[in-house]
>>> print(open('protein_2.txt').read())   # compact mmCIF, C-alpha atoms
# COMPACT_ATOMS: atom_id res chain seq x y z
CA MET A 1 13.11 1.47 9.01
CA ILE A 2 11.37 -1.92 9.32
CA LYS A 3 13.88 -3.48 6.90
CA LEU A 4 16.77 -2.10 8.94
CA ILE A 5 15.36 -3.77 12.11
CA LEU A 6 14.20 -6.99 10.42
CA LYS A 7 17.50 -7.83 8.72
CA PRO A 8 19.71 -7.92 11.85
CA SER A 9 16.92 -9.70 13.77
CA ILE A 10 16.88 -12.52 11.20
CA ILE A 11 20.68 -12.76 11.33
CA ILE A 12 20.62 -12.97 15.15
CA LEU A 13 17.89 -15.63 15.02
CA LEU A 14 19.81 -17.77 12.52
CA CYS A 15 23.00 -17.47 14.54
CA SER A 16 21.13 -18.50 17.69
CA VAL A 17 19.60 -21.55 15.98
CA SER A 18 23.01 -22.50 14.59
CA PHE A 19 24.60 -22.15 18.02
CA LEU A 20 21.92 -24.28 19.72
CA ALA A 21 22.23 -26.96 17.04
CA LYS A 22 25.98 -27.12 17.52
CA ALA A 23 25.56 -27.16 21.31
CA GLN A 24 23.44 -30.30 21.01
CA ILE A 25 26.04 -32.22 18.99
CA GLY A 26 26.95 -35.22 21.05
CA PHE A 27 23.86 -34.95 23.31
CA ASP A 28 21.29 -36.86 21.24
CA TYR A 29 20.73 -40.63 21.28
CA ALA A 30 18.15 -43.21 20.16
CA GLN A 31 15.88 -44.60 22.85
CA TYR A 32 15.44 -48.01 21.15
CA ASP A 33 17.94 -50.66 20.06
CA VAL A 34 17.58 -54.13 18.58
CA GLY A 35 20.40 -56.62 18.63
CA PHE A 36 21.71 -60.14 18.53
CA ALA A 37 24.57 -61.99 20.19
CA ALA A 38 26.40 -65.30 20.22
CA GLY A 39 28.00 -66.88 23.23
CA ILE A 40 29.67 -69.84 24.83
CA ASN A 41 28.17 -71.44 27.93
CA GLN A 42 29.27 -73.70 30.72
CA ALA A 43 27.13 -75.25 33.42
CA SER A 44 28.36 -74.87 36.98
CA SER A 45 27.23 -76.05 40.42
CA VAL A 46 25.66 -79.03 38.63
CA ASP A 47 25.65 -82.69 39.57
CA VAL A 48 28.16 -84.02 37.04
CA GLN A 49 31.91 -84.28 37.44
CA THR A 50 33.13 -82.76 34.16
CA LEU A 51 31.89 -79.71 32.28
CA LYS A 52 31.83 -78.85 28.57
CA THR A 53 31.59 -75.63 26.59
CA THR A 54 28.52 -75.19 24.38
CA PRO A 55 27.05 -72.43 22.14
CA SER A 56 24.05 -70.13 22.44
CA ILE A 57 22.50 -67.25 20.50
CA ASN A 58 20.13 -64.50 21.58
CA LEU A 59 17.97 -61.66 20.32
CA ASN A 60 17.39 -58.56 22.41
CA PHE A 61 15.43 -55.32 22.54
CA THR A 62 16.66 -52.35 24.58
CA TYR A 63 14.91 -49.26 25.87
CA ASN A 64 17.52 -46.61 26.66
CA GLN A 65 16.28 -44.31 29.41
CA SER A 66 19.64 -42.65 28.88
CA PRO A 67 22.73 -43.65 26.88
CA PHE A 68 24.01 -45.28 30.08
CA LEU A 69 20.83 -46.59 31.73
CA ASN A 70 19.22 -49.41 29.77
CA TYR A 71 16.30 -51.83 30.11
CA ILE A 72 16.85 -55.03 28.15
CA VAL A 73 14.49 -57.85 27.12
CA ASN A 74 16.37 -60.94 25.98
CA LEU A 75 15.38 -64.18 24.19
CA GLU A 76 18.00 -66.91 24.11
CA VAL A 77 18.38 -70.48 22.84
CA GLY A 78 21.35 -72.73 23.41
CA ARG A 79 22.82 -75.95 24.76
CA LEU A 80 24.39 -77.03 28.04
CA LYS A 81 26.36 -80.23 28.30
CA GLY A 82 28.49 -82.08 30.81
CA GLY A 83 29.62 -85.37 32.27
CA SER A 84 31.73 -88.26 31.06
CA PRO A 85 31.56 -92.07 31.00
CA ASN A 86 35.07 -92.04 32.49
CA THR A 87 33.96 -90.64 35.86
CA ALA A 88 32.89 -92.57 38.95
CA THR A 89 29.18 -91.88 38.48
CA GLN A 90 29.31 -91.95 34.65
CA ARG A 91 26.67 -89.21 34.60
CA GLN A 92 26.19 -87.32 31.33
CA PHE A 93 23.58 -84.80 30.21
CA GLU A 94 22.65 -82.46 27.38
CA ASN A 95 20.12 -79.65 27.79
CA HIS A 96 18.67 -77.77 24.78
CA PHE A 97 17.29 -74.75 26.60
CA SER A 98 15.48 -71.53 25.85
CA ALA A 99 15.55 -68.57 28.22
CA TYR A 100 13.72 -65.26 28.59
CA SER A 101 15.00 -62.46 30.77
CA PHE A 102 14.61 -58.80 31.69
CA LYS A 103 17.62 -56.85 32.94
CA VAL A 104 18.37 -53.35 34.18
CA GLN A 105 21.80 -52.21 33.01
CA VAL A 106 23.74 -49.32 34.57
CA GLN A 107 26.85 -48.04 32.81
CA ALA A 108 29.54 -46.05 34.59
CA GLY A 109 28.78 -43.00 32.45
CA GLU A 110 25.50 -42.56 34.31
CA LEU A 111 27.34 -42.16 37.61
CA ILE A 112 30.64 -40.40 36.87
CA ASP A 113 31.86 -37.18 35.26
CA TYR A 114 33.82 -38.39 32.24
CA SER A 115 34.28 -35.00 30.58
CA LYS A 116 37.59 -34.08 32.24
CA SER A 117 39.47 -37.38 32.27
CA ALA A 118 40.55 -39.64 29.44
CA ILE A 119 40.56 -42.60 31.84
CA ALA A 120 37.02 -41.89 33.07
CA ASN A 121 35.91 -41.44 29.46
CA ALA A 122 37.33 -44.87 28.61
CA PHE A 123 35.51 -46.47 31.55
CA LYS A 124 32.15 -44.77 30.98
CA ASN A 125 30.84 -47.75 28.93
CA LEU A 126 31.66 -50.35 31.59
CA TYR A 127 28.40 -51.75 32.94
CA LEU A 128 26.76 -54.02 35.50
CA SER A 129 23.29 -55.49 35.00
CA SER A 130 20.88 -57.85 36.71
CA GLY A 131 17.24 -58.83 36.57
CA LEU A 132 14.98 -61.84 36.40
CA GLY A 133 14.50 -64.65 33.89
CA LEU A 134 12.79 -67.93 33.08
CA ILE A 135 14.64 -70.89 31.60
CA ASN A 136 12.91 -73.77 29.82
CA ASN A 137 14.99 -76.92 30.28
CA ASN A 138 14.75 -79.67 27.66
CA ILE A 139 16.98 -82.59 28.65
CA VAL A 140 17.55 -84.48 25.42
CA TYR A 141 20.12 -86.87 26.87
CA ARG A 142 20.85 -88.12 30.37
CA THR A 143 22.45 -91.28 31.73
CA ASP A 144 21.58 -92.88 35.04
CA ASP A 145 24.04 -92.86 37.92
CA ALA A 146 26.14 -96.00 37.59
CA LEU A 147 26.80 -96.16 41.34
CA LEU A 148 23.10 -96.01 42.18
CA LEU A 149 22.21 -98.61 39.54
CA GLU A 150 24.41 -101.08 41.39
CA HIS A 151 21.89 -100.82 44.25
CA ASP A 152 18.80 -100.76 41.99
CA GLN A 153 18.28 -97.04 42.60
CA VAL A 154 17.80 -94.16 40.16
CA LEU A 155 17.64 -90.39 40.55
CA PRO A 156 14.29 -88.69 39.78
CA PHE A 157 14.18 -87.24 36.26
CA GLU A 158 11.95 -84.73 34.49
CA PRO A 159 13.08 -84.03 30.92
CA LYS A 160 11.18 -80.73 30.58
CA THR A 161 11.04 -78.16 33.38
CA ASN A 162 10.76 -74.41 33.83
CA GLU A 163 12.86 -72.56 36.40
CA ILE A 164 13.33 -68.94 37.43
CA PHE A 165 16.87 -67.58 37.33
CA ILE A 166 18.72 -64.40 38.30
CA PRO A 167 21.25 -63.13 35.71
CA VAL A 168 24.20 -61.02 36.85
CA ARG A 169 26.30 -59.52 34.07
CA LEU A 170 29.51 -57.50 33.82
CA GLY A 171 30.54 -56.10 30.46
CA TYR A 172 31.63 -53.28 28.21
CA GLU A 173 29.69 -51.58 25.42
CA PHE A 174 31.74 -50.17 22.53
CA LYS A 175 29.74 -47.29 21.03
CA PHE A 176 30.13 -46.21 17.39
CA PHE A 177 28.75 -42.79 16.44
CA ASN A 178 27.08 -41.50 13.27
CA SER A 179 27.69 -38.13 11.63
CA TYR A 180 25.48 -36.44 14.27
CA ASN A 181 27.58 -37.95 17.08
CA GLN A 182 24.70 -40.20 18.11
CA PRO A 183 25.58 -43.76 19.22
CA SER A 184 24.08 -45.76 16.34
CA VAL A 185 25.93 -49.11 16.55
CA LYS A 186 27.14 -50.85 19.71
CA ILE A 187 29.32 -53.90 20.24
CA ASP A 188 28.67 -55.61 23.55
CA LEU A 189 31.18 -57.92 25.23
CA GLY A 190 30.23 -59.41 28.57
CA TYR A 191 30.38 -62.19 31.13
CA GLN A 192 27.11 -63.37 32.69
CA TYR A 193 26.43 -65.75 35.56
CA ASN A 194 22.93 -67.18 35.89
CA PHE A 195 21.75 -68.35 39.32
CA ILE A 196 19.03 -70.98 38.79
CA MET A 197 16.30 -71.19 41.42
CA GLY A 198 16.14 -74.97 41.08
CA ASP A 199 18.13 -78.15 40.44
CA ASN A 200 16.89 -79.39 37.05
CA LEU A 201 19.39 -77.75 34.70
CA ASP A 202 21.32 -80.99 34.25
CA GLY A 203 18.46 -83.45 34.77
CA TYR A 204 19.86 -84.63 38.13
CA VAL A 205 18.03 -83.53 41.27
CA ALA A 206 20.88 -84.19 43.67
CA GLY A 207 23.36 -82.37 45.86
CA ALA A 208 22.97 -79.50 48.30
CA HIS A 209 23.12 -76.58 45.84
CA ASN A 210 20.94 -75.23 43.04
CA ASP A 211 22.31 -75.26 39.49
CA ALA A 212 23.86 -72.37 37.58
CA TYR A 213 25.54 -71.61 34.27
CA SER A 214 27.94 -68.97 33.01
CA GLN A 215 28.29 -67.29 29.61
CA ILE A 216 30.66 -65.13 27.61
CA THR A 217 28.85 -63.33 24.79
CA LEU A 218 29.66 -60.97 21.94
CA GLY A 219 26.75 -58.98 20.53
CA PHE A 220 25.76 -56.16 18.20
CA LYS A 221 23.04 -53.56 18.79
CA PHE A 222 21.55 -51.11 16.31
CA ALA A 223 19.67 -47.89 17.10
CA ILE A 224 16.19 -47.88 15.55
CA GLY A 225 14.70 -44.55 16.57
CA GLY A 226 13.06 -42.43 19.21
CA VAL A 227 15.83 -39.82 19.23
CA THR A 228 15.95 -37.68 22.35
CA SER A 229 18.55 -35.66 24.29
CA TYR A 230 20.77 -36.46 27.24
CA ARG A 231 21.89 -34.06 29.96
CA LYS A 232 25.60 -34.57 29.18
CA GLN A 233 27.66 -34.78 26.03
CA ILE A 234 27.97 -38.47 25.06
CA HIS A 235 30.85 -38.43 22.59
CA TYR A 236 34.31 -37.07 23.45
>>> encode(input="protein_2.txt", output="structure tokens")
Amino acid sequence: MIKLILKPSIIILLCSVSFLAKAQIGFDYAQYDVGFAAGINQASSVDVQTLKTTPSINLNFTYNQSPFLNYIVNLEVGRLKGGSPNTATQRQFENHFSAYSFKVQVQAGELIDYSKSAIANAFKNLYLSSGLGLINNNIVYRTDDALLLEHDQVLPFEPKTNEIFIPVRLGYEFKFFNSYNQPSVKIDLGYQYNFIMGDNLDGYVAGAHNDAYSQITLGFKFAIGGVTSYRKQIHY
């Protein structure tokens, strides 16, 4: 009698476990990512008359509160350059900078229902992020203003300064899934504009506006653990 009851009970239990496991396919994700990226930069709102494109690289660590809500710590090093001897002022500068930032990133998938629309599903990885950062300026080259030199005047100059900045970023995260339908590798393509709370990015404290610089970056992120579940299916 016990065997007759026990056998179907075990079968029902195994079927239930199997069903729950299948129901969770596409719901799990890793809470932690590490990554790196390379980018091209251009100073803007600076006090030189021509701008140049320069490289940068960064390392980042991400805590994923959900697959579409991310907290990112970023370390970056790069160069900013601008100016020309063929302009009226003849100003030129080169800044070898390092920057540290923290951003909150919200992807569209956190806000929309992407389960019933192919278009919404395609847009679920589009994101907007912002936060706060600190940039360490290291002006390795700067020329004096030729027009001011004619009147025995020079602009003030500090080769090494620290300034707070506000990053604003728009981008898209391509997610690649493992055999458990968990996003394990991500390719990140984005445009970021950094509002500097100061005027030392180019070594010239002049003009009515603070400095800024923009970036286009391509990066790779890798899941490193802390697997947990999300309220919605991630992969469709």
>>> closest_atom_pairs(input="protein_2.txt", of="stretch 36-121 of chain A", to="stretch 214-223 of chain A", cutoff="6 Å", atoms="all atoms listed in the file", output="CSV")
residue,atom,partner,partner_atom,distance
A:Phe36,CA,A:Gly219,CA,5.5
A:Ala37,CA,A:Gly219,CA,3.7
A:Ala38,CA,A:Thr217,CA,5.5
A:Gly39,CA,A:Thr217,CA,4.0
A:Ile40,CA,A:Ile216,CA,5.6
A:Asn41,CA,A:Gln215,CA,4.5
A:Gln42,CA,A:Ser214,CA,5.4
>>> closest_residue(input="protein_2.txt", among="A:Ile164, A:Leu51, A:Ala208, A:Ala108", to="A:Phe123", atoms="all atoms listed in the file")
A:Ala108
>>> residues_around(input="protein_2.txt", residues="A:Val205", least_positions_apart="3", cutoff="8 Å", atoms="only C-alpha atoms", output="ChimeraX atom specification")
/A:47,155-157,199-200
>>> residues_near_point(input="protein_2.txt", point="(13.5, -72.0, 29.0)", cutoff="12 Å", atoms="only C-alpha atoms", output="JSON, numbers by chain")
{"A": [74, 75, 76, 77, 78, 79, 95, 96, 97, 98, 99, 100, 101, 133, 134, 135, 136, 137, 138, 139, 160, 161, 162, 163, 164, 165, 196, 200, 201]}
>>> atom_distance(input="protein_2.txt", atom1="atom CA of A:Asn181", atom2="atom CA of A:Tyr29")
8.5 Å
>>> atom_distance(input="protein_2.txt", atom1="atom CA of A:Asp144", atom2="atom CA of A:Phe195")
24.9 Å
>>> atom_distance(input="protein_2.txt", atom1="atom CA of A:Phe176", atom2="atom CA of A:Gly109")
15.5 Å
>>> closest_residue(input="protein_2.txt", among="A:Ser84, A:Gln92, A:Asn60, A:Thr54", to="A:Arg142", atoms="only C-alpha atoms")
A:Gln92
>>> residues_around(input="protein_2.txt", residues="A:Ile112", least_positions_apart="3", cutoff="12 Å", atoms="all atoms listed in the file", output="MDAnalysis selection string")
chainID A and resid 68 106:109 115:117 119:126 232
>>> closest_residue(input="protein_2.txt", among="A:Ser129, A:His151, A:Asn64, A:Asp202", to="A:Gly190", atoms="all atoms listed in the file")
A:Ser129
>>> residues_around(input="protein_2.txt", residues="A:Phe61", least_positions_apart="4", cutoff="7 Å", atoms="all atoms listed in the file", output="VMD selection string")
chain A and resid 33 to 35 72 to 74
>>> build_atoms(input="protein_2.txt", residues="stretch 151-171 of chain A", atoms="N, CA, C and O atoms", output="PDB file, keeping the file's coordinate frame")
ATOM      1  N   HIS A 151      22.780-100.524  43.119  1.00  0.00           N
ATOM      2  CA  HIS A 151      21.890-100.820  44.250  1.00  0.00           C
ATOM      3  C   HIS A 151      20.420-100.703  43.836  1.00  0.00           C
ATOM      4  O   HIS A 151      19.550-100.501  44.683  1.00  0.00           O
ATOM      5  N   ASP A 152      20.162-100.826  42.531  1.00  0.00           N
ATOM      6  CA  ASP A 152      18.800-100.760  41.990  1.00  0.00           C
ATOM      7  C   ASP A 152      18.095 -99.454  42.365  1.00  0.00           C
ATOM      8  O   ASP A 152      16.898 -99.437  42.665  1.00  0.00           O
ATOM      9  N   GLN A 153      18.851 -98.356  42.309  1.00  0.00           N
ATOM     10  CA  GLN A 153      18.280 -97.040  42.600  1.00  0.00           C
ATOM     11  C   GLN A 153      18.545 -96.106  41.422  1.00  0.00           C
ATOM     12  O   GLN A 153      19.569 -96.225  40.733  1.00  0.00           O
ATOM     13  N   VAL A 154      17.622 -95.176  41.204  1.00  0.00           N
ATOM     14  CA  VAL A 154      17.800 -94.160  40.160  1.00  0.00           C
ATOM     15  C   VAL A 154      17.414 -92.795  40.720  1.00  0.00           C
ATOM     16  O   VAL A 154      16.604 -92.692  41.640  1.00  0.00           O
ATOM     17  N   LEU A 155      18.012 -91.750  40.167  1.00  0.00           N
ATOM     18  CA  LEU A 155      17.640 -90.390  40.550  1.00  0.00           C
ATOM     19  C   LEU A 155      16.362 -89.976  39.822  1.00  0.00           C
ATOM     20  O   LEU A 155      16.129 -90.386  38.680  1.00  0.00           O
ATOM     21  N   PRO A 156      15.501 -89.176  40.466  1.00  0.00           N
ATOM     22  CA  PRO A 156      14.290 -88.690  39.780  1.00  0.00           C
ATOM     23  C   PRO A 156      14.671 -87.859  38.558  1.00  0.00           C
ATOM     24  O   PRO A 156      15.694 -87.175  38.547  1.00  0.00           O
ATOM     25  N   PHE A 157      13.814 -87.868  37.535  1.00  0.00           N
ATOM     26  CA  PHE A 157      14.180 -87.240  36.260  1.00  0.00           C
ATOM     27  C   PHE A 157      12.932 -86.677  35.581  1.00  0.00           C
ATOM     28  O   PHE A 157      11.963 -87.390  35.352  1.00  0.00           O
ATOM     29  N   GLU A 158      12.979 -85.383  35.291  1.00  0.00           N
ATOM     30  CA  GLU A 158      11.950 -84.730  34.490  1.00  0.00           C
ATOM     31  C   GLU A 158      12.637 -84.090  33.291  1.00  0.00           C
ATOM     32  O   GLU A 158      13.437 -83.166  33.457  1.00  0.00           O
ATOM     33  N   PRO A 159      12.346 -84.541  32.085  1.00  0.00           N
ATOM     34  CA  PRO A 159      13.080 -84.030  30.920  1.00  0.00           C
ATOM     35  C   PRO A 159      12.759 -82.565  30.578  1.00  0.00           C
ATOM     36  O   PRO A 159      13.600 -81.869  30.016  1.00  0.00           O
ATOM     37  N   LYS A 160      11.555 -82.105  30.909  1.00  0.00           N
ATOM     38  CA  LYS A 160      11.180 -80.730  30.580  1.00  0.00           C
ATOM     39  C   LYS A 160      10.690 -80.015  31.839  1.00  0.00           C
ATOM     40  O   LYS A 160       9.706 -80.422  32.447  1.00  0.00           O
ATOM     41  N   THR A 161      11.384 -78.943  32.200  1.00  0.00           N
ATOM     42  CA  THR A 161      11.040 -78.160  33.380  1.00  0.00           C
ATOM     43  C   THR A 161      11.233 -76.680  33.091  1.00  0.00           C
ATOM     44  O   THR A 161      11.964 -76.297  32.168  1.00  0.00           O
ATOM     45  N   ASN A 162      10.596 -75.860  33.890  1.00  0.00           N
ATOM     46  CA  ASN A 162      10.760 -74.410  33.830  1.00  0.00           C
ATOM     47  C   ASN A 162      11.270 -73.919  35.186  1.00  0.00           C
ATOM     48  O   ASN A 162      10.735 -74.315  36.229  1.00  0.00           O
ATOM     49  N   GLU A 163      12.277 -73.059  35.154  1.00  0.00           N
ATOM     50  CA  GLU A 163      12.860 -72.560  36.400  1.00  0.00           C
ATOM     51  C   GLU A 163      13.153 -71.069  36.283  1.00  0.00           C
ATOM     52  O   GLU A 163      13.564 -70.583  35.225  1.00  0.00           O
ATOM     53  N   ILE A 164      12.969 -70.355  37.364  1.00  0.00           N
ATOM     54  CA  ILE A 164      13.330 -68.940  37.430  1.00  0.00           C
ATOM     55  C   ILE A 164      14.835 -68.823  37.660  1.00  0.00           C
ATOM     56  O   ILE A 164      15.440 -69.655  38.347  1.00  0.00           O
ATOM     57  N   PHE A 165      15.447 -67.812  37.073  1.00  0.00           N
ATOM     58  CA  PHE A 165      16.870 -67.580  37.330  1.00  0.00           C
ATOM     59  C   PHE A 165      17.139 -66.085  37.462  1.00  0.00           C
ATOM     60  O   PHE A 165      16.353 -65.231  37.022  1.00  0.00           O
ATOM     61  N   ILE A 166      18.272 -65.781  38.110  1.00  0.00           N
ATOM     62  CA  ILE A 166      18.720 -64.400  38.300  1.00  0.00           C
ATOM     63  C   ILE A 166      20.012 -64.200  37.530  1.00  0.00           C
ATOM     64  O   ILE A 166      21.041 -64.802  37.884  1.00  0.00           O
ATOM     65  N   PRO A 167      20.005 -63.401  36.460  1.00  0.00           N
ATOM     66  CA  PRO A 167      21.250 -63.130  35.710  1.00  0.00           C
ATOM     67  C   PRO A 167      22.021 -61.967  36.329  1.00  0.00           C
ATOM     68  O   PRO A 167      21.433 -60.951  36.711  1.00  0.00           O
ATOM     69  N   VAL A 168      23.320 -62.113  36.423  1.00  0.00           N
ATOM     70  CA  VAL A 168      24.200 -61.020  36.850  1.00  0.00           C
ATOM     71  C   VAL A 168      25.288 -60.887  35.789  1.00  0.00           C
ATOM     72  O   VAL A 168      25.988 -61.857  35.483  1.00  0.00           O
ATOM     73  N   ARG A 169      25.435 -59.701  35.244  1.00  0.00           N
ATOM     74  CA  ARG A 169      26.300 -59.520  34.070  1.00  0.00           C
ATOM     75  C   ARG A 169      27.252 -58.348  34.259  1.00  0.00           C
ATOM     76  O   ARG A 169      26.855 -57.273  34.742  1.00  0.00           O
ATOM     77  N   LEU A 170      28.503 -58.548  33.849  1.00  0.00           N
ATOM     78  CA  LEU A 170      29.510 -57.500  33.820  1.00  0.00           C
ATOM     79  C   LEU A 170      30.040 -57.415  32.397  1.00  0.00           C
ATOM     80  O   LEU A 170      30.384 -58.443  31.803  1.00  0.00           O
ATOM     81  N   GLY A 171      30.095 -56.198  31.852  1.00  0.00           N
ATOM     82  CA  GLY A 171      30.540 -56.100  30.460  1.00  0.00           C
ATOM     83  C   GLY A 171      30.950 -54.699  30.066  1.00  0.00           C
ATOM     84  O   GLY A 171      31.021 -53.776  30.890  1.00  0.00           O
TER      85      GLY A 171
END
